[in-house]
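Structure, as structure tokens:
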Amino acid sequence: MRELIDKISEVKNLKELEELRVSVLGKKGELAKGFANMKNLAPEQRKDVAKELNEVKQSFTAKLEERKETLQKEALEREMLSEKIDISLLSTSSEAGGYHPVVETMNRIIEYFQKLNFSVEEGRMVEDDFHNFEALNLPKHHPARDMQDTFYFKDGSLLRTHTSPVQIRTMQRDKPPIRMIAPGTVFRRDFDLTHTPMFHQVEGLVVEEAGKVSFANLKFILEDFLKHMFGEVDVRFRPSFFPFTEPSAEVDISCVFCEGDGCRVCSHTGWLEVLGCGMVDPNVFDAVGYKDVSGYAFGLGVERFAMLIHQVPDLRSMFEGDLRLLEQFRA
Ligand code: DAH
């Protein structure tokens, strides 16, 4: 019986080991036979034989496990060796990558404002109530908070719902004058054809000594910016409301799909809304302790820009990472 144990070290692979295991420990295996044979033995012999059989069973099982581990390790090593990739080999495929349309659009926006000496600020994605709402003239229970379905953490902090809090952080950190944009990721509890829970915005803020910037400056720069992004489009400013600006406006461009004639995309108005803006509300300056200044601000959604520039109809396709779509944007 003991020679069964020696057989283990002769086994060369896992398959042979399994065969050996079955032939020894299996229902019809050597050990089972040994136990079955005991009824033919004289009663005084049985105890010794049973003891020996049990010992063999124990050592065999232990040795078997040990051998199994070694063989498994060897098999893994062989497999890894055979799958090794020679990264020094020349590739036969030469496909270039490209920027995602959202990133490309973001970069174009940033580039435009950097040329005008705007700094690029990041802020933070996890914000507090003060920076995301309160300091932007959105006190608790303000109805405008409902427009922004917010993701909250247990401790009351939140995922920023817009990039406007970066205005507040920048003004708290720096003295005026300020010229900044804040490109970044924002989050809202919203998911349908035209909304995703994560998207991108660019916020802009200019602050100067009181009286040195006006709505005319804001209008000039945004018109120039929109023509830079969309080409020869008409631009119009429509009175609107935002808590952090007064007066406020929404800005439309003539529809890029029908050139203003009216189509499904522009709801037959000939116009597409592309950003919000206004003169910074005095309450916002109060919240950061700025005195005797004036300024303007604006905010826009990058996905919307990308979709209009590339005439992509469904917002969600921007986030699916489908190569058939992305390949079309390869530079
Ligand atoms: N924060 C606004 C939003 O998320 C966008 C916005 C509108 C920003 C007007 C501004 C502004 O700075 O003046 O919808």
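Residue numbering restarts at 1 in every chain; chains get A, B, ... in the order shown in the structure tokens, and ligands count up from 1 in that same order.
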query = How would you write, as a VMD selection string, the set of residues no farther than 9 Å from ligand 1 when counting only C-alpha atoms and all ligand atoms?
reply = chain A and resid 147 to 148 161 to 165 167 186 201 to 205 241 to 246 248 to 250 275 to 280 296 to 301
Can you spit out the residues from that selection as a compact mmCIF listing (two decimals), in the first residue's frame, using N, CA and C atoms?
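Generated output (result_7.txt):
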# COMPACT_ATOMS: atom_id res chain seq x y z
N MET A 147 -34.12 73.02 -9.67
CA MET A 147 -33.69 72.76 -11.04
C MET A 147 -32.47 71.85 -11.05
N GLN A 148 -31.79 71.81 -9.93
CA GLN A 148 -30.52 71.09 -9.89
C GLN A 148 -30.64 69.90 -8.95
N THR A 161 -23.13 70.55 -8.88
CA THR A 161 -24.16 70.46 -9.92
C THR A 161 -23.83 71.39 -11.09
N HIS A 162 -22.84 72.25 -10.90
CA HIS A 162 -22.38 73.13 -11.99
C HIS A 162 -20.96 73.58 -11.67
N THR A 163 -20.31 74.25 -12.62
CA THR A 163 -18.94 74.70 -12.36
C THR A 163 -18.92 76.10 -11.75
N SER A 164 -20.10 76.67 -11.51
CA SER A 164 -20.14 78.01 -10.90
C SER A 164 -19.44 78.11 -9.54
N PRO A 165 -19.45 77.06 -8.68
CA PRO A 165 -18.73 77.19 -7.41
C PRO A 165 -17.25 77.52 -7.59
N GLN A 167 -16.09 79.83 -9.43
CA GLN A 167 -16.08 81.31 -9.31
C GLN A 167 -15.79 81.69 -7.86
N VAL A 186 -19.51 67.88 -13.97
CA VAL A 186 -20.57 68.20 -13.02
C VAL A 186 -21.57 67.04 -12.99
N GLN A 201 -19.10 71.14 -18.03
CA GLN A 201 -19.44 72.55 -18.23
C GLN A 201 -18.16 73.38 -18.30
N VAL A 202 -18.30 74.56 -18.85
CA VAL A 202 -17.25 75.56 -18.70
C VAL A 202 -17.90 76.81 -18.14
N GLU A 203 -17.34 77.28 -17.03
CA GLU A 203 -17.82 78.50 -16.40
C GLU A 203 -16.83 79.61 -16.72
N GLY A 204 -17.30 80.83 -16.86
CA GLY A 204 -16.38 81.94 -17.07
C GLY A 204 -16.70 83.07 -16.11
N LEU A 205 -15.67 83.78 -15.70
CA LEU A 205 -15.90 84.92 -14.78
C LEU A 205 -14.85 86.00 -15.04
N PHE A 241 -33.30 84.44 -16.24
CA PHE A 241 -33.00 84.59 -14.82
C PHE A 241 -32.01 83.54 -14.35
N PHE A 242 -30.98 83.98 -13.64
CA PHE A 242 -30.13 83.10 -12.84
C PHE A 242 -29.92 83.79 -11.51
N PRO A 243 -29.89 83.05 -10.43
CA PRO A 243 -29.77 83.70 -9.12
C PRO A 243 -28.45 84.45 -8.96
N PHE A 244 -27.41 83.98 -9.66
CA PHE A 244 -26.07 84.55 -9.44
C PHE A 244 -25.73 85.69 -10.39
N THR A 245 -26.65 86.02 -11.30
CA THR A 245 -26.39 87.16 -12.19
C THR A 245 -27.62 88.06 -12.25
N GLU A 246 -27.37 89.34 -12.44
CA GLU A 246 -28.46 90.31 -12.57
C GLU A 246 -27.95 91.54 -13.31
N SER A 248 -29.66 88.87 -16.23
CA SER A 248 -29.20 87.61 -16.80
C SER A 248 -29.73 87.45 -18.22
N ALA A 249 -29.03 86.63 -18.99
CA ALA A 249 -29.51 86.36 -20.35
C ALA A 249 -29.19 84.93 -20.73
N GLU A 250 -30.01 84.41 -21.62
CA GLU A 250 -29.65 83.17 -22.29
C GLU A 250 -29.27 83.53 -23.70
N LEU A 275 -25.92 78.99 -24.16
CA LEU A 275 -25.32 79.32 -22.85
C LEU A 275 -26.12 80.31 -22.03
N GLY A 276 -25.74 80.40 -20.76
CA GLY A 276 -26.36 81.36 -19.85
C GLY A 276 -25.30 82.35 -19.39
N CYS A 277 -25.73 83.58 -19.09
CA CYS A 277 -24.73 84.58 -18.70
C CYS A 277 -25.40 85.74 -17.99
N GLY A 278 -24.60 86.68 -17.54
CA GLY A 278 -25.15 87.88 -16.93
C GLY A 278 -24.09 88.65 -16.18
N MET A 279 -24.52 89.78 -15.59
CA MET A 279 -23.63 90.56 -14.73
C MET A 279 -23.70 89.95 -13.33
N VAL A 280 -22.54 89.74 -12.71
CA VAL A 280 -22.50 89.08 -11.41
C VAL A 280 -23.39 89.81 -10.40
N TYR A 296 -18.80 90.05 -15.01
CA TYR A 296 -19.78 89.23 -15.72
C TYR A 296 -19.40 87.77 -15.63
N ALA A 297 -20.38 86.90 -15.86
CA ALA A 297 -20.14 85.46 -15.78
C ALA A 297 -20.95 84.77 -16.86
N PHE A 298 -20.50 83.58 -17.20
CA PHE A 298 -21.27 82.77 -18.16
C PHE A 298 -21.00 81.30 -17.89
N GLY A 299 -21.92 80.48 -18.38
CA GLY A 299 -21.75 79.05 -18.19
C GLY A 299 -22.33 78.30 -19.38
N LEU A 300 -21.68 77.19 -19.76
CA LEU A 300 -22.16 76.44 -20.92
C LEU A 300 -21.93 74.94 -20.72
N GLY A 301 -22.69 74.14 -21.46
CA GLY A 301 -22.55 72.69 -21.41
C GLY A 301 -21.72 72.20 -22.59
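Every residue of stretch 212-283 of chain A found in helix (DSSP H, G or I) when DSSP is run on the backbone appears here: A:Phe215, A:Ala216, A:Asn217, A:Leu218, A:Lys219, A:Phe220, A:Ile221, A:Leu222, A:Glu223, A:Asp224, A:Phe225, A:Leu226, A:Lys227, A:His228, A:Met229, A:Phe230, A:Pro282, A:Asn283.
From atom CA of A:Ile181 back to atom CA of A:Ile253, the distance works out to 21.1 Å.
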query = Skipping near chain neighbours, those fewer than 3 positions away, what residues fall within 9 Å of A:Met125 using only C-alpha atoms, listed as a PyMOL selection string?
reply = chain A and resi 122+158-161+163+184-187
key: Of the listed residues A:Gly321, A:Pro43, A:Gly98, A:Gly295, that which approaches A:Pro247 most closely, counting only C-alpha atoms   = A:Gly295
message = If you run DSSP on the backbone here, which positions in stretch 65-202 of chain A get strand (DSSP E or B)? Please write them as a list in words.
response = Ser119, Val120, Val126, Glu127, Tyr152, Leu158, Leu159, Ile178, Arg179, Met180, Ile181, Ala182, Pro183, Gly184, Thr185, Val186, Phe187, Asp192, His195, Met198, Phe199, His200, Gln201 and Val202 of chain A
task = Tell me, in Å to one decimal, how far atom CA of A:Glu134 is from atom CA of A:Phe191.
result = 25.6 Å
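With only C-alpha atoms as the atoms that count, the residue of A:Val312, A:Val166, A:Val11, A:Ala50 with the shortest distance to A:His131 is A:Val166.
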Within 12 Å of A:Lys115, counting only C-alpha atoms, which residues qualify if same-chain residues fewer than 5 places away don't, as a compact mmCIF listing (two decimals) with N, CA, C and O atoms, in the first residue's frame?
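Dumped to part.txt:
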# COMPACT_ATOMS: atom_id res chain seq x y z
N ARG A 108 -10.90 73.10 -27.37
CA ARG A 108 -11.05 74.28 -28.24
C ARG A 108 -11.57 75.47 -27.44
O ARG A 108 -11.16 76.61 -27.66
N ILE A 109 -12.48 75.20 -26.51
CA ILE A 109 -13.02 76.29 -25.67
C ILE A 109 -11.90 76.87 -24.80
O ILE A 109 -11.72 78.09 -24.72
N ILE A 110 -11.15 75.97 -24.17
CA ILE A 110 -10.07 76.42 -23.28
C ILE A 110 -9.06 77.26 -24.06
O ILE A 110 -8.64 78.34 -23.62
N VAL A 120 -7.11 79.17 -16.12
CA VAL A 120 -7.94 77.97 -16.12
C VAL A 120 -7.95 77.38 -14.71
O VAL A 120 -6.91 76.98 -14.20
N ARG A 179 -9.96 86.99 -14.26
CA ARG A 179 -10.36 86.54 -15.59
C ARG A 179 -10.14 85.05 -15.60
O ARG A 179 -9.00 84.60 -15.70
N MET A 180 -11.18 84.29 -15.45
CA MET A 180 -10.98 82.85 -15.35
C MET A 180 -12.05 82.07 -16.10
O MET A 180 -13.16 82.54 -16.31
N ILE A 181 -11.67 80.87 -16.52
CA ILE A 181 -12.67 79.89 -16.90
C ILE A 181 -12.46 78.66 -16.03
O ILE A 181 -11.36 78.43 -15.52
N PHE A 225 -16.76 84.51 -29.33
CA PHE A 225 -16.51 83.12 -28.94
C PHE A 225 -17.42 82.15 -29.71
O PHE A 225 -16.96 81.13 -30.25
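Using only C-alpha atoms, the nearest neighbour of A:Val288 within the list A:Arg238, A:Arg316, A:Lys175, A:Arg124 is A:Lys175.
Residues in contact with A:Phe257 at up to 12 Å, not including ones fewer than 5 positions away on its chain and judged by only C-alpha atoms, are Phe230, Val233, Gly262, Cys263, Arg264, Val265, Cys266, Ser267, His268, Thr269, Gly270, Trp271, Leu272, Met307, Leu308, Ile309, His310, Gln311, Val312 and Pro313 of chain A.
Here atom CA of A:Asn54 is placed at a distance of 17.7 Å from atom CA of A:Lys7.
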ask   = In terms of the shortest atom-to-atom distance over only C-alpha atoms, which of A:Arg169, A:His100, A:Arg304, A:His195 is closest to A:Leu323?
value = A:His100
ask   = Smallest atom-to-atom distance to A:Asn283: which of A:Thr150, A:Ser254, A:Asn137, A:Ser214, using only C-alpha atoms?
value = A:Asn137
